[in-house]
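What follows is the content of input.cif (mmCIF, N, CA and C atoms).
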```cif
data_protein
loop_
_atom_site.group_PDB
_atom_site.id
_atom_site.type_symbol
_atom_site.label_atom_id
_atom_site.label_comp_id
_atom_site.auth_asym_id
_atom_site.auth_seq_id
_atom_site.Cartn_x
_atom_site.Cartn_y
_atom_site.Cartn_z
ATOM 1 N N CYS A 1 -17.728 -13.627 8.950
ATOM 2 C CA CYS A 1 -17.104 -14.008 10.211
ATOM 3 C C CYS A 1 -17.973 -13.532 11.383
ATOM 4 N N ALA A 2 -18.277 -14.400 12.289
ATOM 5 C CA ALA A 2 -19.160 -14.063 13.408
ATOM 6 C C ALA A 2 -18.542 -12.999 14.310
ATOM 7 N N VAL A 3 -17.233 -13.076 14.508
ATOM 8 C CA VAL A 3 -16.558 -12.097 15.360
ATOM 9 C C VAL A 3 -16.657 -10.713 14.745
ATOM 10 N N ALA A 4 -16.468 -10.627 13.432
ATOM 11 C CA ALA A 4 -16.557 -9.336 12.741
ATOM 12 C C ALA A 4 -17.966 -8.774 12.848
ATOM 13 N N SER A 5 -18.954 -9.629 12.654
ATOM 14 C CA SER A 5 -20.343 -9.183 12.763
ATOM 15 C C SER A 5 -20.638 -8.683 14.173
ATOM 16 N N LEU A 6 -20.164 -9.411 15.157
ATOM 17 C CA LEU A 6 -20.366 -9.022 16.555
ATOM 18 C C LEU A 6 -19.703 -7.678 16.841
ATOM 19 N N ALA A 7 -18.470 -7.538 16.398
ATOM 20 C CA ALA A 7 -17.723 -6.308 16.659
ATOM 21 C C ALA A 7 -18.357 -5.120 15.960
ATOM 22 N N LEU A 8 -18.708 -5.295 14.696
ATOM 23 C CA LEU A 8 -19.303 -4.191 13.949
ATOM 24 C C LEU A 8 -20.671 -3.839 14.505
ATOM 25 N N GLY A 9 -21.400 -4.834 14.983
ATOM 26 C CA GLY A 9 -22.690 -4.561 15.603
ATOM 27 C C GLY A 9 -22.527 -3.770 16.886
ATOM 28 N N ALA A 10 -21.472 -4.081 17.638
ATOM 29 C CA ALA A 10 -21.221 -3.384 18.894
ATOM 30 C C ALA A 10 -20.762 -1.951 18.656
ATOM 31 N N VAL A 11 -19.954 -1.771 17.639
ATOM 32 C CA VAL A 11 -19.401 -0.451 17.365
ATOM 33 C C VAL A 11 -20.379 0.394 16.570
ATOM 34 N N GLY A 12 -21.101 -0.224 15.662
ATOM 35 C CA GLY A 12 -21.941 0.526 14.745
ATOM 36 C C GLY A 12 -21.114 1.041 13.583
ATOM 37 N N SER A 13 -21.761 1.693 12.654
ATOM 38 C CA SER A 13 -21.063 2.150 11.462
ATOM 39 C C SER A 13 -20.341 3.473 11.683
ATOM 40 N N GLN A 14 -20.554 4.099 12.823
ATOM 41 C CA GLN A 14 -19.964 5.413 13.099
ATOM 42 C C GLN A 14 -18.902 5.305 14.198
ATOM 43 N N ALA A 15 -17.876 4.511 13.953
ATOM 44 C CA ALA A 15 -16.828 4.331 14.953
ATOM 45 C C ALA A 15 -15.855 5.499 14.923
ATOM 46 N N TYR A 16 -15.566 6.047 16.086
ATOM 47 C CA TYR A 16 -14.543 7.077 16.198
ATOM 48 C C TYR A 16 -13.285 6.424 16.731
ATOM 49 N N GLU A 17 -12.155 7.077 16.512
ATOM 50 C CA GLU A 17 -10.871 6.480 16.874
ATOM 51 C C GLU A 17 -10.800 5.983 18.322
ATOM 52 N N PRO A 18 -11.159 6.785 19.332
ATOM 53 C CA PRO A 18 -11.089 6.284 20.716
ATOM 54 C C PRO A 18 -11.977 5.066 20.931
ATOM 55 N N GLU A 19 -13.168 5.108 20.351
ATOM 56 C CA GLU A 19 -14.101 3.989 20.477
ATOM 57 C C GLU A 19 -13.525 2.747 19.818
ATOM 58 N N ALA A 20 -12.976 2.903 18.625
ATOM 59 C CA ALA A 20 -12.377 1.774 17.916
ATOM 60 C C ALA A 20 -11.233 1.176 18.725
ATOM 61 N N GLY A 21 -10.422 2.035 19.327
ATOM 62 C CA GLY A 21 -9.319 1.546 20.144
ATOM 63 C C GLY A 21 -9.808 0.736 21.331
ATOM 64 N N ARG A 22 -10.884 1.201 21.950
ATOM 65 C CA ARG A 22 -11.452 0.493 23.100
ATOM 66 C C ARG A 22 -12.010 -0.857 22.667
ATOM 67 N N VAL A 23 -12.703 -0.871 21.538
ATOM 68 C CA VAL A 23 -13.262 -2.120 21.023
ATOM 69 C C VAL A 23 -12.152 -3.094 20.655
ATOM 70 N N LEU A 24 -11.094 -2.603 20.023
ATOM 71 C CA LEU A 24 -9.972 -3.473 19.684
ATOM 72 C C LEU A 24 -9.337 -4.063 20.935
ATOM 73 N N ASP A 25 -9.255 -3.283 21.993
ATOM 74 C CA ASP A 25 -8.698 -3.776 23.251
ATOM 75 C C ASP A 25 -9.555 -4.906 23.812
ATOM 76 N N ILE A 26 -10.875 -4.726 23.759
ATOM 77 C CA ILE A 26 -11.809 -5.757 24.219
ATOM 78 C C ILE A 26 -11.677 -7.009 23.356
ATOM 79 N N LEU A 27 -11.627 -6.822 22.035
ATOM 80 C CA LEU A 27 -11.477 -7.957 21.124
ATOM 81 C C LEU A 27 -10.190 -8.713 21.404
ATOM 82 N N ARG A 28 -9.121 -7.961 21.667
ATOM 83 C CA ARG A 28 -7.831 -8.584 21.918
ATOM 84 C C ARG A 28 -7.905 -9.472 23.152
ATOM 85 N N ARG A 29 -8.619 -9.011 24.181
ATOM 86 C CA ARG A 29 -8.742 -9.795 25.412
ATOM 87 C C ARG A 29 -9.660 -10.995 25.225
ATOM 88 N N GLN A 30 -10.769 -10.806 24.501
ATOM 89 C CA GLN A 30 -11.767 -11.866 24.406
ATOM 90 C C GLN A 30 -11.461 -12.884 23.311
ATOM 91 N N TYR A 31 -10.937 -12.400 22.181
ATOM 92 C CA TYR A 31 -10.791 -13.275 21.013
ATOM 93 C C TYR A 31 -9.351 -13.472 20.575
ATOM 94 N N GLY A 32 -8.422 -12.722 21.136
ATOM 95 C CA GLY A 32 -7.029 -12.862 20.756
ATOM 96 C C GLY A 32 -6.589 -11.780 19.784
ATOM 97 N N SER A 33 -5.272 -11.648 19.652
ATOM 98 C CA SER A 33 -4.717 -10.565 18.845
ATOM 99 C C SER A 33 -5.010 -10.738 17.362
ATOM 100 N N GLU A 34 -5.188 -11.982 16.898
ATOM 101 C CA GLU A 34 -5.461 -12.198 15.474
ATOM 102 C C GLU A 34 -6.781 -11.572 15.062
ATOM 103 N N ALA A 35 -7.801 -11.752 15.887
ATOM 104 C CA ALA A 35 -9.109 -11.166 15.584
ATOM 105 C C ALA A 35 -9.026 -9.647 15.612
ATOM 106 N N ALA A 36 -8.337 -9.103 16.599
ATOM 107 C CA ALA A 36 -8.195 -7.654 16.703
ATOM 108 C C ALA A 36 -7.435 -7.099 15.504
ATOM 109 N N ALA A 37 -6.383 -7.793 15.098
ATOM 110 C CA ALA A 37 -5.592 -7.342 13.954
ATOM 111 C C ALA A 37 -6.405 -7.392 12.667
ATOM 112 N N ALA A 38 -7.232 -8.420 12.529
ATOM 113 C CA ALA A 38 -8.058 -8.559 11.334
ATOM 114 C C ALA A 38 -9.096 -7.450 11.249
ATOM 115 N N LEU A 39 -9.588 -6.996 12.400
ATOM 116 C CA LEU A 39 -10.645 -5.987 12.423
ATOM 117 C C LEU A 39 -10.115 -4.563 12.514
ATOM 118 N N ALA A 40 -8.843 -4.398 12.801
ATOM 119 C CA ALA A 40 -8.281 -3.054 12.956
ATOM 120 C C ALA A 40 -8.525 -2.155 11.742
ATOM 121 N N PRO A 41 -8.276 -2.635 10.507
ATOM 122 C CA PRO A 41 -8.525 -1.770 9.344
ATOM 123 C C PRO A 41 -9.998 -1.412 9.189
ATOM 124 N N VAL A 42 -10.871 -2.351 9.507
ATOM 125 C CA VAL A 42 -12.312 -2.118 9.382
ATOM 126 C C VAL A 42 -12.761 -1.058 10.379
ATOM 127 N N LEU A 43 -12.333 -1.208 11.619
ATOM 128 C CA LEU A 43 -12.732 -0.264 12.661
ATOM 129 C C LEU A 43 -12.078 1.095 12.456
ATOM 130 N N GLY A 44 -10.820 1.082 12.048
ATOM 131 C CA GLY A 44 -10.107 2.335 11.842
ATOM 132 C C GLY A 44 -10.657 3.136 10.675
ATOM 133 N N GLY A 45 -11.196 2.445 9.665
ATOM 134 C CA GLY A 45 -11.691 3.127 8.482
ATOM 135 C C GLY A 45 -13.148 3.506 8.560
ATOM 136 N N ALA A 46 -13.774 3.255 9.718
ATOM 137 C CA ALA A 46 -15.217 3.480 9.823
ATOM 138 C C ALA A 46 -15.560 4.913 10.203
ATOM 139 N N SER A 47 -14.574 5.669 10.686
ATOM 140 C CA SER A 47 -14.857 7.024 11.143
ATOM 141 C C SER A 47 -15.071 7.990 9.986
#
```

What is this file in C-alpha cells?
Amino acid sequence: CAVASLALGAVGSQAYEPEAGRVLDILRRQYGSEAAAALAPVLGGAS
C-alpha cells in the first residue's frame, strides 16, 4: 500500500508513541480515518 509505505518512511522504524500519535493525526487529516486505523497497529507496535 502506497500510504503505508509513505507513512512508514516518514516515521521510520523507530516510532515512539507521541510521534506515532502525531503521524496518525496527520494521516487522519490527509487520507481519512480508514488509513489511520489501518496503520495504527503498525505504528503503535514499532516502538

Any idea what the distance is between atom C of Ala40 in chain A and CA of Gly21 in chain A?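 Going from atom C of Ala40 in chain A over to CA of Gly21 in chain A, I get 9.2 Å.
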
One decimal, in Å: what's the spacing between CA of Ala20 in chain A and CA of Pro41 in chain A?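 CA of Pro41 in chain A lies 10.0 Å from CA of Ala20 in chain A.
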
Could you tell me how far atom C of Leu24 in chain A sits from atom N of Ala37 in chain A, in Å to one decimal place? 7.5 Å
